[in-house]
$ cat input.cif   # mmCIF, C-alpha atoms
data_model
loop_
_atom_site.label_atom_id
_atom_site.label_comp_id
_atom_site.auth_asym_id
_atom_site.auth_seq_id
_atom_site.Cartn_x
_atom_site.Cartn_y
_atom_site.Cartn_z
CA SER A 12 7.06 0.86 -12.17
CA GLN A 13 7.29 3.19 -9.21
CA GLN A 14 5.24 6.34 -9.73
CA GLY A 15 6.18 8.01 -6.46
CA GLU A 16 9.72 8.55 -5.36
CA GLU A 17 10.27 9.53 -1.74
CA ASP A 18 13.09 11.68 -0.60
CA PRO A 19 15.10 11.19 1.52
CA GLN A 20 15.42 7.40 1.63
CA ALA A 21 16.26 7.58 5.32
CA LEU A 22 15.92 10.32 7.94
CA SER A 23 17.11 10.31 11.54
CA ILE A 24 16.02 13.03 13.97
CA GLN A 25 15.69 13.70 17.68
CA GLU A 26 12.38 13.51 19.52
CA GLY A 27 10.61 16.86 19.39
CA GLU A 28 12.06 17.87 16.03
CA ASN A 29 10.01 18.13 12.86
CA ALA A 30 10.40 15.61 10.04
CA THR A 31 9.78 16.45 6.41
CA MET A 32 9.52 13.83 3.67
CA ASN A 33 9.02 14.53 0.01
CA CYS A 34 7.42 12.60 -2.80
CA SER A 35 7.64 13.20 -6.52
CA TYR A 36 5.57 11.53 -9.19
CA LYS A 37 5.48 11.46 -12.97
CA THR A 38 1.92 11.43 -14.30
CA SER A 39 -1.21 13.38 -13.44
CA ILE A 40 -3.05 12.05 -10.42
CA ASN A 41 -6.54 11.80 -8.94
CA ASN A 42 -5.21 11.79 -5.41
CA LEU A 43 -2.11 11.14 -3.38
CA GLN A 44 -2.04 9.23 -0.13
CA TRP A 45 0.53 8.82 2.60
CA TYR A 46 0.89 5.58 4.53
CA ARG A 47 3.02 4.48 7.47
CA GLN A 48 4.43 1.00 7.91
CA ASN A 49 5.93 -0.41 11.09
CA SER A 50 8.32 -3.34 10.95
CA GLY A 51 7.48 -4.33 7.38
CA ARG A 52 3.89 -5.27 8.13
CA GLY A 53 0.51 -3.63 7.49
CA LEU A 54 0.19 -0.16 6.06
CA VAL A 55 -1.62 2.44 8.12
CA HIS A 56 -3.37 5.16 6.16
CA LEU A 57 -2.38 8.64 7.27
CA ILE A 58 -3.92 11.14 4.93
CA LEU A 59 -5.39 11.50 1.43
CA ILE A 60 -5.08 14.72 -0.54
CA ARG A 61 -7.07 15.20 -3.73
CA SER A 62 -5.59 16.68 -6.88
CA ASN A 63 -7.58 19.90 -6.41
CA GLU A 64 -6.33 20.40 -2.84
CA ARG A 65 -3.08 22.11 -1.92
CA GLU A 66 -2.75 21.46 1.79
CA LYS A 67 -4.27 19.21 4.38
CA HIS A 68 -3.80 18.76 8.12
CA SER A 69 -4.44 15.88 10.46
CA GLY A 70 -3.19 16.21 14.02
CA ARG A 71 0.59 16.58 13.86
CA LEU A 72 0.62 15.83 10.13
CA ARG A 73 0.63 18.39 7.37
CA VAL A 74 0.58 17.38 3.71
CA THR A 75 1.08 19.68 0.78
CA LEU A 76 0.53 18.97 -2.89
CA ASP A 77 1.97 20.90 -5.81
CA THR A 78 0.54 19.46 -9.01
CA SER A 79 2.57 21.84 -11.17
CA LYS A 80 5.76 20.34 -9.77
CA LYS A 81 4.23 16.88 -9.36
CA SER A 82 5.37 16.74 -5.77
CA SER A 83 4.02 16.34 -2.26
CA SER A 84 5.50 16.72 1.19
CA LEU A 85 4.61 15.19 4.53
CA LEU A 86 5.53 17.14 7.64
CA ILE A 87 5.38 15.51 11.06
CA THR A 88 5.66 18.10 13.81
CA ALA A 89 6.95 17.51 17.33
CA SER A 90 8.06 13.99 16.47
CA ARG A 91 7.93 11.13 18.96
CA ALA A 92 9.86 7.89 19.18
CA ALA A 93 6.61 6.11 18.22
CA ASP A 94 6.71 7.88 14.84
CA THR A 95 9.66 5.67 13.88
CA ALA A 96 8.47 3.81 10.78
CA SER A 97 8.67 3.74 7.00
CA TYR A 98 6.51 6.31 5.22
CA PHE A 99 5.20 5.76 1.69
CA CYS A 100 3.41 8.00 -0.72
CA ALA A 101 0.98 6.36 -3.12
CA THR A 102 -0.68 7.84 -6.14
CA ASN A 103 -3.98 7.05 -7.74
CA SER A 104 -3.94 8.21 -11.31
CA GLY A 105 -5.75 8.55 -14.57
CA GLY A 106 -7.37 5.49 -16.03
CA SER A 107 -6.49 3.27 -13.10
CA ASN A 108 -8.76 4.99 -10.65
CA TYR A 109 -8.35 2.25 -8.06
CA LYS A 110 -4.75 1.07 -8.38
CA LEU A 111 -2.27 2.64 -5.98
CA THR A 112 1.28 3.05 -7.17
CA PHE A 113 3.74 3.29 -4.30
CA GLY A 114 7.12 4.88 -3.91
CA LYS A 115 10.01 3.12 -2.24
CA GLY A 116 9.47 4.87 1.06
CA THR A 117 11.37 6.95 3.60
CA LEU A 118 12.64 5.25 6.75
CA LEU A 119 12.19 7.68 9.61
CA THR A 120 14.01 7.08 12.88
CA VAL A 121 13.11 9.29 15.84
CA ASN A 122 15.67 9.02 18.60
CA PRO A 123 14.48 9.51 22.18
CA GLY B 7 -15.06 -6.48 11.37
CA ALA B 8 -12.92 -3.74 12.78
CA GLY B 9 -10.31 -3.95 10.06
CA VAL B 10 -8.92 -6.02 7.24
CA SER B 11 -7.62 -9.37 8.46
CA GLN B 12 -5.29 -11.76 6.73
CA SER B 13 -4.23 -15.31 7.40
CA PRO B 14 -1.85 -16.85 7.95
CA SER B 15 0.45 -14.19 9.39
CA ASN B 16 3.48 -16.15 8.30
CA LYS B 17 3.88 -19.01 5.89
CA VAL B 18 6.99 -21.05 5.21
CA THR B 19 6.78 -23.46 2.32
CA GLU B 20 9.03 -25.52 0.13
CA LYS B 21 9.70 -24.64 -3.46
CA GLY B 22 7.14 -26.25 -5.73
CA LYS B 23 4.32 -26.37 -3.20
CA ASP B 24 1.04 -24.49 -3.58
CA VAL B 25 -0.03 -21.89 -1.01
CA GLU B 26 -3.30 -20.12 -0.27
CA LEU B 27 -3.47 -16.72 1.37
CA ARG B 28 -6.72 -15.42 2.77
CA CYS B 29 -8.10 -11.91 3.16
CA ASP B 30 -11.21 -10.78 5.06
CA PRO B 31 -12.05 -7.21 4.07
CA ILE B 32 -13.83 -4.64 6.17
CA SER B 33 -17.54 -5.43 6.28
CA GLY B 34 -19.40 -3.53 3.57
CA HIS B 35 -16.34 -2.80 1.45
CA THR B 36 -17.03 -3.92 -2.09
CA ALA B 37 -13.57 -3.26 -3.50
CA LEU B 38 -10.65 -5.51 -2.57
CA TYR B 39 -7.01 -5.31 -3.63
CA TRP B 40 -3.93 -7.49 -3.36
CA TYR B 41 -0.44 -6.04 -3.31
CA ARG B 42 2.97 -7.60 -2.86
CA GLN B 43 5.93 -6.10 -1.07
CA SER B 44 9.35 -7.52 -1.73
CA LEU B 45 12.84 -6.23 -1.11
CA GLY B 46 13.76 -5.78 -4.71
CA GLN B 47 10.47 -4.49 -6.11
CA GLY B 48 8.86 -2.47 -3.33
CA LEU B 49 5.06 -2.42 -3.15
CA GLU B 50 3.36 -3.74 -6.29
CA PHE B 51 -0.28 -3.96 -7.26
CA LEU B 52 -1.42 -7.49 -8.09
CA ILE B 53 -5.19 -7.60 -8.60
CA TYR B 54 -8.39 -5.66 -7.93
CA PHE B 55 -11.87 -7.03 -7.22
CA GLN B 56 -15.14 -5.18 -7.51
CA GLY B 57 -17.62 -7.48 -5.85
CA ASN B 58 -16.73 -10.98 -7.02
CA SER B 59 -15.29 -9.98 -10.37
CA ALA B 60 -11.72 -8.98 -11.08
CA PRO B 61 -11.65 -6.25 -13.75
CA ASP B 62 -7.90 -5.85 -13.42
CA LYS B 63 -5.52 -8.77 -13.04
CA SER B 64 -2.70 -6.94 -14.74
CA GLY B 65 -0.35 -7.07 -11.77
CA LEU B 66 -0.32 -10.84 -11.36
CA PRO B 67 3.31 -11.78 -12.12
CA SER B 68 2.65 -15.14 -13.79
CA ASP B 69 -0.04 -17.71 -14.47
CA ARG B 70 1.00 -19.46 -11.26
CA PHE B 71 -0.86 -16.68 -9.42
CA SER B 72 -4.64 -16.64 -9.20
CA ALA B 73 -7.21 -15.07 -6.93
CA GLU B 74 -10.88 -15.40 -6.30
CA ARG B 75 -13.48 -13.69 -4.19
CA THR B 76 -16.72 -15.25 -3.08
CA GLY B 77 -19.86 -13.68 -1.70
CA GLY B 78 -18.38 -10.25 -2.24
CA SER B 79 -16.33 -10.74 0.89
CA VAL B 80 -13.44 -13.15 1.53
CA SER B 81 -10.70 -13.40 -1.06
CA THR B 82 -8.07 -16.08 -1.56
CA LEU B 83 -4.78 -15.56 -3.39
CA THR B 84 -3.30 -18.84 -4.60
CA ILE B 85 0.27 -19.34 -5.71
CA GLN B 86 0.95 -22.63 -7.44
CA ARG B 87 4.34 -24.29 -7.68
CA THR B 88 5.95 -21.62 -5.51
CA GLN B 89 9.37 -20.28 -6.41
CA GLN B 90 11.91 -18.58 -4.15
CA GLU B 91 11.26 -15.25 -5.88
CA ASP B 92 7.66 -15.45 -4.60
CA SER B 93 8.96 -14.76 -1.08
CA ALA B 94 7.44 -11.46 -0.02
CA VAL B 95 4.81 -9.88 2.18
CA TYR B 96 1.38 -10.14 0.56
CA LEU B 97 -0.91 -7.30 1.56
CA CYS B 98 -4.65 -7.08 1.11
CA ALA B 99 -6.67 -3.86 1.19
CA SER B 100 -10.31 -2.93 0.87
CA SER B 101 -12.34 0.19 0.20
CA LEU B 102 -15.97 1.26 -0.07
CA ALA B 103 -15.74 1.73 -3.85
CA GLU B 104 -18.35 4.45 -4.02
CA ARG B 105 -15.97 6.89 -5.68
CA LEU B 106 -12.86 4.88 -6.26
CA TYR B 107 -10.49 7.64 -7.20
CA GLN B 108 -11.22 9.54 -4.05
CA GLU B 109 -11.02 6.67 -1.65
CA THR B 110 -8.84 5.41 1.09
CA GLN B 111 -7.66 1.85 0.86
CA TYR B 112 -7.41 0.13 4.25
CA PHE B 113 -4.70 -2.47 4.53
CA GLY B 114 -4.46 -5.68 6.48
CA PRO B 115 -1.36 -6.77 8.43
CA GLY B 116 -0.08 -8.90 5.58
CA THR B 117 1.09 -12.47 5.14
CA ARG B 118 4.83 -12.98 5.13
CA LEU B 119 5.61 -15.81 2.71
CA LEU B 120 8.99 -17.52 2.69
CA VAL B 121 9.71 -20.09 0.00
CA LEU B 122 12.69 -22.29 0.83
#
$ encode --input "input.cif" --output "structure tokens"
Amino acid sequence: SQQGEEDPQALSIQEGENATMNCSYKTSINNLQWYRQNSGRGLVHLILIRSNEREKHSGRLRVTLDTSKKSSSLLITASRAADTASYFCATNSGGSNYKLTFGKGTLLTVNP
Amino acid sequence: GAGVSQSPSNKVTEKGKDVELRCDPISGHTALYWYRQSLGQGLEFLIYFQGNSAPDKSGLPSDRFSAERTGGSVSTLTIQRTQQEDSAVYLCASSLAERLYQETQYFGPGTRLLVL
């Protein structure tokens, strides 16, 4: 079953704008990770945030985690056409400390 | 190597045939994972290896699916008597496995399997 649920399912913005994607999950987690996928192929790891962290930055990416609401957000600032991809959140939880459970993803389109 | 590699990139087979998918993890990574991505089911966990043993095979969808890992490195996912519903992208990932619940899994480019 899908642990993470991304919102929105699809997002279209203009180059230079910021993009925000949200992820909600159901059970307690060890960590939450965001991945990017281009053209339905390999997943590229973007950022991992641990359950005891609230915010993390990496370049133009900012991830927040609210364990009380069981939700996370990924913000991409100053978007570029090359950011066009599907973005997935994945949770690593409880007894399965290795298995990632993925959401269905957000398709981001950045128009030049 | 520089990253996780998988072969073949694409595989077209006829229903009922067996297929083998290969994964070469990042050198030194002791943990290896197989996932499947299909249109209807999204990304699903299939199996996890720690070294050559597979403590969790819970995601394998049927007994037609099997996987092995030799020498703590290369892994092969075998699908016997393929069915059309097996069509999907099969993704392999690896990690260092020092502290599993805090680790990044690095994914390969995937094998796109089409069963006719």
$ resolve_selection --input "input.cif" --expression "the PyMOL selection byres ((chain B) within 12 of (chain A))" --output "ChimeraX atom specification"
/B:9-12,15-16,37-56,61-65,94-119
$ atom_distance --input "input.cif" --atom1 "atom CA of B:His35" --atom2 "atom CA of B:Ala73"
17.4 Å
$ residues_near_point --input "input.cif" --point "(4.6, 9.2, 22.2)" --cutoff "12 Å" --atoms "only C-alpha atoms" --output "PyMOL selection string"
chain A and resi 26-27+71+89-95+121-123
$ write_last_selection --input "input.cif" --atoms "C-alpha atoms" --output "CSV table (one decimal), in the frame of the given file"
chain,number,residue,atom,x,y,z
A,26,GLU,CA,12.4,13.5,19.5
A,27,GLY,CA,10.6,16.9,19.4
A,71,ARG,CA,0.6,16.6,13.9
A,89,ALA,CA,7.0,17.5,17.3
A,90,SER,CA,8.1,14.0,16.5
A,91,ARG,CA,7.9,11.1,19.0
A,92,ALA,CA,9.9,7.9,19.2
A,93,ALA,CA,6.6,6.1,18.2
A,94,ASP,CA,6.7,7.9,14.8
A,95,THR,CA,9.7,5.7,13.9
A,121,VAL,CA,13.1,9.3,15.8
A,122,ASN,CA,15.7,9.0,18.6
A,123,PRO,CA,14.5,9.5,22.2
$ resolve_selection --input "input.cif" --expression "the PyMOL selection byres ((chain B and resi 120) around 6)" --output "ChimeraX atom specification"
/B:18,93,119,121
$ atom_distance --input "input.cif" --atom1 "atom CA of B:Lys17" --atom2 "atom CA of B:Gln89"
13.5 Å
$ atom_distance --input "input.cif" --atom1 "atom CA of A:Ala21" --atom2 "atom CA of A:Thr38"
24.6 Å
$ resolve_selection --input "input.cif" --expression "the PyMOL selection byres ((chain B and resi 72) around 10)" --output "number ranges by chain"
B: 26, 52-53, 63, 66-71, 73-74, 82-86
$ closest_residue --input "input.cif" --among "A:Ser69, A:Thr78, A:Ser50, A:Asn33" --to "A:Ser97" --atoms "only C-alpha atoms"
A:Ser50
$ closest_residue --input "input.cif" --among "A:Ser79, A:Asn29, A:Thr117, A:Ser84" --to "A:Ala96" --atoms "all atoms listed in the file"
A:Thr117
$ closest_residue --input "input.cif" --among "B:Ala60, B:Pro14, B:Asp92, B:Val80" --to "B:Ile32" --atoms "all atoms listed in the file"
B:Val80
$ residues_around --input "input.cif" --residues "A:Ala30" --least-positions-apart "5" --cutoff "7 Å" --atoms "only C-alpha atoms" --output "mmCIF file with C-alpha atoms, keeping the file's coordinate frame"
data_model
loop_
_atom_site.group_PDB
_atom_site.id
_atom_site.type_symbol
_atom_site.label_atom_id
_atom_site.label_comp_id
_atom_site.auth_asym_id
_atom_site.auth_seq_id
_atom_site.Cartn_x
_atom_site.Cartn_y
_atom_site.Cartn_z
ATOM 1 C CA LEU A 86 5.530 17.140 7.640
ATOM 2 C CA ILE A 87 5.380 15.510 11.060
ATOM 3 C CA THR A 88 5.660 18.100 13.810
#
